[in-house]
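Structure, as structure tokens:
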Amino acid sequence: MAEWVDLLAWGDAGWGDEMIRGAFWTLLLATVAFTLGVAIGSVGAAAKLSYLLPARWLGQGYTTVIRGVPDLLVIYLLFFGGNQAVMAIARGLFGYDGYIELNAFTIGAIALATVSGAYSTEVIRGAVLAVPRGQIEAARACGMSGWLLFRRIMVPQVARYALPGLGNVWQLTLKDTSLISIVGLVEIMRSAGVASGSTQKPFIFYLSAAVLYLALTAGSNRVFGLAELWANRGVRRA
Amino acid sequence: MNKKLTTLAAVAALAVAGLAADASAKDFAKGSTVKIATEGAYAPWNLTDSAGNLVGFEVDLAADLCKRMEVECEVVQQAWEGIIPALQAGKYDVIMAGMSITEKRMEVIDFSRAYAQTPAVFVVTDSSPSAGFKVDIERVTLEDVDAGEKAALDAIVKEFKGKTIGVQISTTHENFLREYLGKDATVKTYDTQENLDLDLQAGRVDAALASASYWVPLLSSDKGKGMVMVGPGMTGGPFGNGVGAGIRKDDKSLTAMFDAAINAAIADGTAKKLAVQWFGFDASSK
């Protein structure tokens, strides 16, 4: 037990601060990626439900490809490919020949947002389709403009239908952050890997990592629970 | 898991290769800046201390080599997954991360000469007649065998003639025994090293052969009571090519600089000193 306390001590003597810092980056990365992902998902759902055929194709292509390949592949392609592309542009346009480092957090957030955006697209599309068609017709009959209809009729109901599914996407995104350790971001899994490899005490650090993930998911479950309560405030329960 | 990641990395690297050319060759010379990547999670080769600093055998060796090459070095941390693609993308110039020189890896990157190799060592019980077995040299390299090494190998054959030597099956150590002692001693194979250790202690085999990196920690623990290492450490030949610095194929000048610096560090004993300090035994190449 004393060994555990020493190993997980705060500051330069132990790994406690490194693990907590890892948890901070995990949470920040997941939050940014999920938020971007919901934005992408809203646009994606609009595209897939659009009257325009090219938009439907685009949305369909995006969700099919991204949901069909491993998340890790998307990250590799964006990280290494993105770097190479930026460097090729720099070389071609400005004659700059050095190495350009793209920030691991930025790339990670873009990659995870791309992935979670594809899942969010489907969740939001389902939620939009769950709003009864008659309500939209009724709103139009009352003379509501498109924007007012969107704000008063669609958003509150879509949020209500989409929240449970989005909660799922959030948890997936939170756990997918561990893949970003490959491109150099020191999040929970990377901190645990470095600490266990350096001290040769894997059990304690991976167990700590599990506790941190559970704390994050349990905490966010609570937040989503509250959000669902809020979204359902106008609906009576039997 | 690792294999899956490596495959994915290879696929991604291929895709990237189609997108743009690899980082172009740089001219390395005295005064250049060289970025060296290490994993920082593979004690004692390279690790991170609890204050977050990179330390370890390779970190110390890199500092020494850079002084010899008169270049500015920066050691950076990179997860093992993706360590080769990122080298090729130009994120850094050298990998020193306990990476064994293998043919598969040499298809995509070059290696400097080996700077480390954990030697294979015989272990017997302290009541064995071989318990005091020693030869004049500490290390036998199985390529370009000189007179002293030939004498040491002959002494090993003589010492274990007619005896039974245990070894874990399908290892480089088994290959060595079959090749060098197959005619004179009985080779007994085990599916696990632990079973071999138990049979050695029970007297069912006269000696056991394995890597020093396995023996040294075991012999200093309770489980290794009554066991002693005997004879020279052996590397090269059937034991493989050792661990070297990974460098892009385009950067031949840098590979040449590392070769020269590693040769010098081995020649003046620095590599050995650092290896003993970090591993507890001489894991440097010869």
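Labels used: A, B, ... for chains in the order of the structure tokens, numbers from 1 for residues in each chain, and numbers from 1 for ligands as shown.
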Check: which chain A residues lie within 9 Å of chain B using only C-alpha atoms, as a PyMOL selection string: chain A and resi 7+11-16+18+72-74+76-77+80-85+87-88+97-101+181-184+190+193-200
Shell around A:Glu187 at 10 Å using only C-alpha atoms, local window under 4 positions removed, as a list in words: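 With the cut-off at 10 Å, the set is Glu18, Met19, Ile20, Arg21, Gly22, Ala23, Phe24, Trp25, Thr26, Leu27, Leu28, Leu29, Thr177, Ser178, Leu179, Ile180, Ser181, Ser191, Ala192, Gly193 and Ala209 of chain A.
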Which of stretch 179-234 of chain B DSSP labels alpha helix (DSSP H), written as a PyMOL selection string: chain B and resi 179-181+193-201+212-219
Kindly save the residues from that selection, with N, CA and C atoms included, as a PDB file, in the first residue's frame.
```
ATOM      1  N   GLU B 179      23.622 -25.640 -33.064  1.00  0.00           N
ATOM      2  CA  GLU B 179      24.704 -25.403 -34.011  1.00  0.00           C
ATOM      3  C   GLU B 179      26.074 -25.679 -33.374  1.00  0.00           C
ATOM      4  N   TYR B 180      26.271 -25.245 -32.135  1.00  0.00           N
ATOM      5  CA  TYR B 180      27.604 -25.291 -31.544  1.00  0.00           C
ATOM      6  C   TYR B 180      27.816 -26.478 -30.596  1.00  0.00           C
ATOM      7  N   LEU B 181      26.746 -26.972 -29.970  1.00  0.00           N
ATOM      8  CA  LEU B 181      26.909 -28.038 -28.981  1.00  0.00           C
ATOM      9  C   LEU B 181      26.085 -29.272 -29.299  1.00  0.00           C
ATOM     10  N   GLN B 193      10.312 -20.747 -19.950  1.00  0.00           N
ATOM     11  CA  GLN B 193      11.562 -20.562 -19.227  1.00  0.00           C
ATOM     12  C   GLN B 193      11.396 -20.967 -17.755  1.00  0.00           C
ATOM     13  N   GLU B 194      10.195 -20.757 -17.196  1.00  0.00           N
ATOM     14  CA  GLU B 194       9.960 -21.080 -15.787  1.00  0.00           C
ATOM     15  C   GLU B 194      10.113 -22.586 -15.538  1.00  0.00           C
ATOM     16  N   ASN B 195       9.580 -23.409 -16.467  1.00  0.00           N
ATOM     17  CA  ASN B 195       9.728 -24.857 -16.323  1.00  0.00           C
ATOM     18  C   ASN B 195      11.192 -25.263 -16.387  1.00  0.00           C
ATOM     19  N   LEU B 196      11.940 -24.593 -17.253  1.00  0.00           N
ATOM     20  CA  LEU B 196      13.368 -24.873 -17.363  1.00  0.00           C
ATOM     21  C   LEU B 196      14.067 -24.543 -16.038  1.00  0.00           C
ATOM     22  N   ASP B 197      13.729 -23.400 -15.449  1.00  0.00           N
ATOM     23  CA  ASP B 197      14.355 -23.000 -14.179  1.00  0.00           C
ATOM     24  C   ASP B 197      14.096 -24.044 -13.088  1.00  0.00           C
ATOM     25  N   LEU B 198      12.852 -24.549 -13.037  1.00  0.00           N
ATOM     26  CA  LEU B 198      12.504 -25.553 -12.016  1.00  0.00           C
ATOM     27  C   LEU B 198      13.303 -26.827 -12.222  1.00  0.00           C
ATOM     28  N   ASP B 199      13.456 -27.261 -13.486  1.00  0.00           N
ATOM     29  CA  ASP B 199      14.209 -28.483 -13.762  1.00  0.00           C
ATOM     30  C   ASP B 199      15.696 -28.307 -13.484  1.00  0.00           C
ATOM     31  N   LEU B 200      16.187 -27.086 -13.686  1.00  0.00           N
ATOM     32  CA  LEU B 200      17.599 -26.825 -13.372  1.00  0.00           C
ATOM     33  C   LEU B 200      17.819 -26.960 -11.865  1.00  0.00           C
ATOM     34  N   GLN B 201      16.902 -26.376 -11.096  1.00  0.00           N
ATOM     35  CA  GLN B 201      17.038 -26.446  -9.640  1.00  0.00           C
ATOM     36  C   GLN B 201      16.840 -27.874  -9.135  1.00  0.00           C
ATOM     37  N   ALA B 212      20.976 -12.669 -20.792  1.00  0.00           N
ATOM     38  CA  ALA B 212      21.374 -12.030 -19.534  1.00  0.00           C
ATOM     39  C   ALA B 212      20.268 -11.116 -19.019  1.00  0.00           C
ATOM     40  N   SER B 213      19.486 -10.546 -19.940  1.00  0.00           N
ATOM     41  CA  SER B 213      18.424  -9.644 -19.493  1.00  0.00           C
ATOM     42  C   SER B 213      17.351 -10.411 -18.720  1.00  0.00           C
ATOM     43  N   TYR B 214      17.285 -11.728 -18.924  1.00  0.00           N
ATOM     44  CA  TYR B 214      16.376 -12.546 -18.105  1.00  0.00           C
ATOM     45  C   TYR B 214      17.060 -12.969 -16.813  1.00  0.00           C
ATOM     46  N   TRP B 215      18.313 -13.415 -16.918  1.00  0.00           N
ATOM     47  CA  TRP B 215      18.992 -13.973 -15.745  1.00  0.00           C
ATOM     48  C   TRP B 215      19.274 -12.938 -14.658  1.00  0.00           C
ATOM     49  N   VAL B 216      19.751 -11.763 -15.053  1.00  0.00           N
ATOM     50  CA  VAL B 216      20.255 -10.829 -14.036  1.00  0.00           C
ATOM     51  C   VAL B 216      19.193 -10.457 -12.999  1.00  0.00           C
ATOM     52  N   PRO B 217      17.987 -10.044 -13.433  1.00  0.00           N
ATOM     53  CA  PRO B 217      16.967  -9.766 -12.410  1.00  0.00           C
ATOM     54  C   PRO B 217      16.543 -11.012 -11.631  1.00  0.00           C
ATOM     55  N   LEU B 218      16.473 -12.180 -12.338  1.00  0.00           N
ATOM     56  CA  LEU B 218      16.032 -13.408 -11.664  1.00  0.00           C
ATOM     57  C   LEU B 218      17.018 -13.806 -10.573  1.00  0.00           C
ATOM     58  N   LEU B 219      18.312 -13.780 -10.905  1.00  0.00           N
ATOM     59  CA  LEU B 219      19.321 -14.252  -9.964  1.00  0.00           C
ATOM     60  C   LEU B 219      19.454 -13.348  -8.746  1.00  0.00           C
TER      61      LEU B 219
END
```
Which of stretch 83-277 of chain B fall in strand (DSSP E or B), as an MDAnalysis selection string: chainID B and resid 94:95 100 110:116 120:125 139:141 164:168 186:190 207:211 227:235 243:247
Got time to write the residues from that selection, C-alpha atoms, as a PDB file, in the first residue's frame?
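Written out: part-v2.pdb:
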```pdb
ATOM      1  CA  VAL B  94      16.989   9.103 -35.632  1.00  0.00           C
ATOM      2  CA  ILE B  95      15.252   6.385 -33.606  1.00  0.00           C
ATOM      3  CA  SER B 100      16.354  -4.562 -32.937  1.00  0.00           C
ATOM      4  CA  ASP B 110      18.548   2.010 -42.451  1.00  0.00           C
ATOM      5  CA  PHE B 111      20.277   1.174 -39.198  1.00  0.00           C
ATOM      6  CA  SER B 112      23.575   2.281 -37.751  1.00  0.00           C
ATOM      7  CA  ARG B 113      25.854  -0.486 -36.548  1.00  0.00           C
ATOM      8  CA  ALA B 114      24.516  -2.168 -33.393  1.00  0.00           C
ATOM      9  CA  TYR B 115      25.265  -0.373 -30.135  1.00  0.00           C
ATOM     10  CA  ALA B 116      23.683  -2.893 -27.807  1.00  0.00           C
ATOM     11  CA  ALA B 120      23.281 -15.071 -23.890  1.00  0.00           C
ATOM     12  CA  VAL B 121      24.706 -16.683 -20.741  1.00  0.00           C
ATOM     13  CA  PHE B 122      24.784 -20.195 -19.242  1.00  0.00           C
ATOM     14  CA  VAL B 123      23.409 -20.681 -15.740  1.00  0.00           C
ATOM     15  CA  VAL B 124      24.098 -23.659 -13.430  1.00  0.00           C
ATOM     16  CA  THR B 125      23.308 -24.400  -9.778  1.00  0.00           C
ATOM     17  CA  ARG B 139      32.362 -11.779 -24.384  1.00  0.00           C
ATOM     18  CA  VAL B 140      32.295 -14.005 -27.455  1.00  0.00           C
ATOM     19  CA  THR B 141      30.995 -12.492 -30.705  1.00  0.00           C
ATOM     20  CA  THR B 164      22.267 -31.988 -20.670  1.00  0.00           C
ATOM     21  CA  ILE B 165      21.561 -28.319 -21.414  1.00  0.00           C
ATOM     22  CA  GLY B 166      18.047 -26.934 -21.146  1.00  0.00           C
ATOM     23  CA  VAL B 167      16.721 -24.111 -23.311  1.00  0.00           C
ATOM     24  CA  GLN B 168      13.383 -22.547 -24.191  1.00  0.00           C
ATOM     25  CA  THR B 186      22.119 -33.225 -25.094  1.00  0.00           C
ATOM     26  CA  VAL B 187      19.804 -30.289 -25.790  1.00  0.00           C
ATOM     27  CA  LYS B 188      16.523 -30.430 -23.871  1.00  0.00           C
ATOM     28  CA  THR B 189      13.826 -27.934 -24.851  1.00  0.00           C
ATOM     29  CA  TYR B 190      11.122 -26.393 -22.661  1.00  0.00           C
ATOM     30  CA  ALA B 207      22.862 -26.091 -17.326  1.00  0.00           C
ATOM     31  CA  ALA B 208      20.441 -23.630 -18.882  1.00  0.00           C
ATOM     32  CA  LEU B 209      21.012 -21.024 -21.579  1.00  0.00           C
ATOM     33  CA  ALA B 210      19.061 -17.744 -21.868  1.00  0.00           C
ATOM     34  CA  SER B 211      19.519 -13.984 -22.243  1.00  0.00           C
ATOM     35  CA  MET B 227      21.798 -20.328  -9.456  1.00  0.00           C
ATOM     36  CA  VAL B 228      24.961 -18.784 -10.913  1.00  0.00           C
ATOM     37  CA  MET B 229      25.965 -17.433 -14.314  1.00  0.00           C
ATOM     38  CA  VAL B 230      29.039 -19.118 -15.786  1.00  0.00           C
ATOM     39  CA  GLY B 231      31.229 -18.714 -18.881  1.00  0.00           C
ATOM     40  CA  PRO B 232      31.291 -15.795 -21.312  1.00  0.00           C
ATOM     41  CA  GLY B 233      28.404 -13.743 -22.663  1.00  0.00           C
ATOM     42  CA  MET B 234      27.675 -14.591 -26.280  1.00  0.00           C
ATOM     43  CA  THR B 235      26.281 -12.373 -29.066  1.00  0.00           C
ATOM     44  CA  VAL B 243      19.925  -3.005 -31.376  1.00  0.00           C
ATOM     45  CA  GLY B 244      20.909  -0.046 -33.549  1.00  0.00           C
ATOM     46  CA  ALA B 245      19.869   3.505 -34.364  1.00  0.00           C
ATOM     47  CA  GLY B 246      17.168   3.721 -37.059  1.00  0.00           C
ATOM     48  CA  ILE B 247      17.812   6.385 -39.709  1.00  0.00           C
TER      49      ILE B 247
END
```
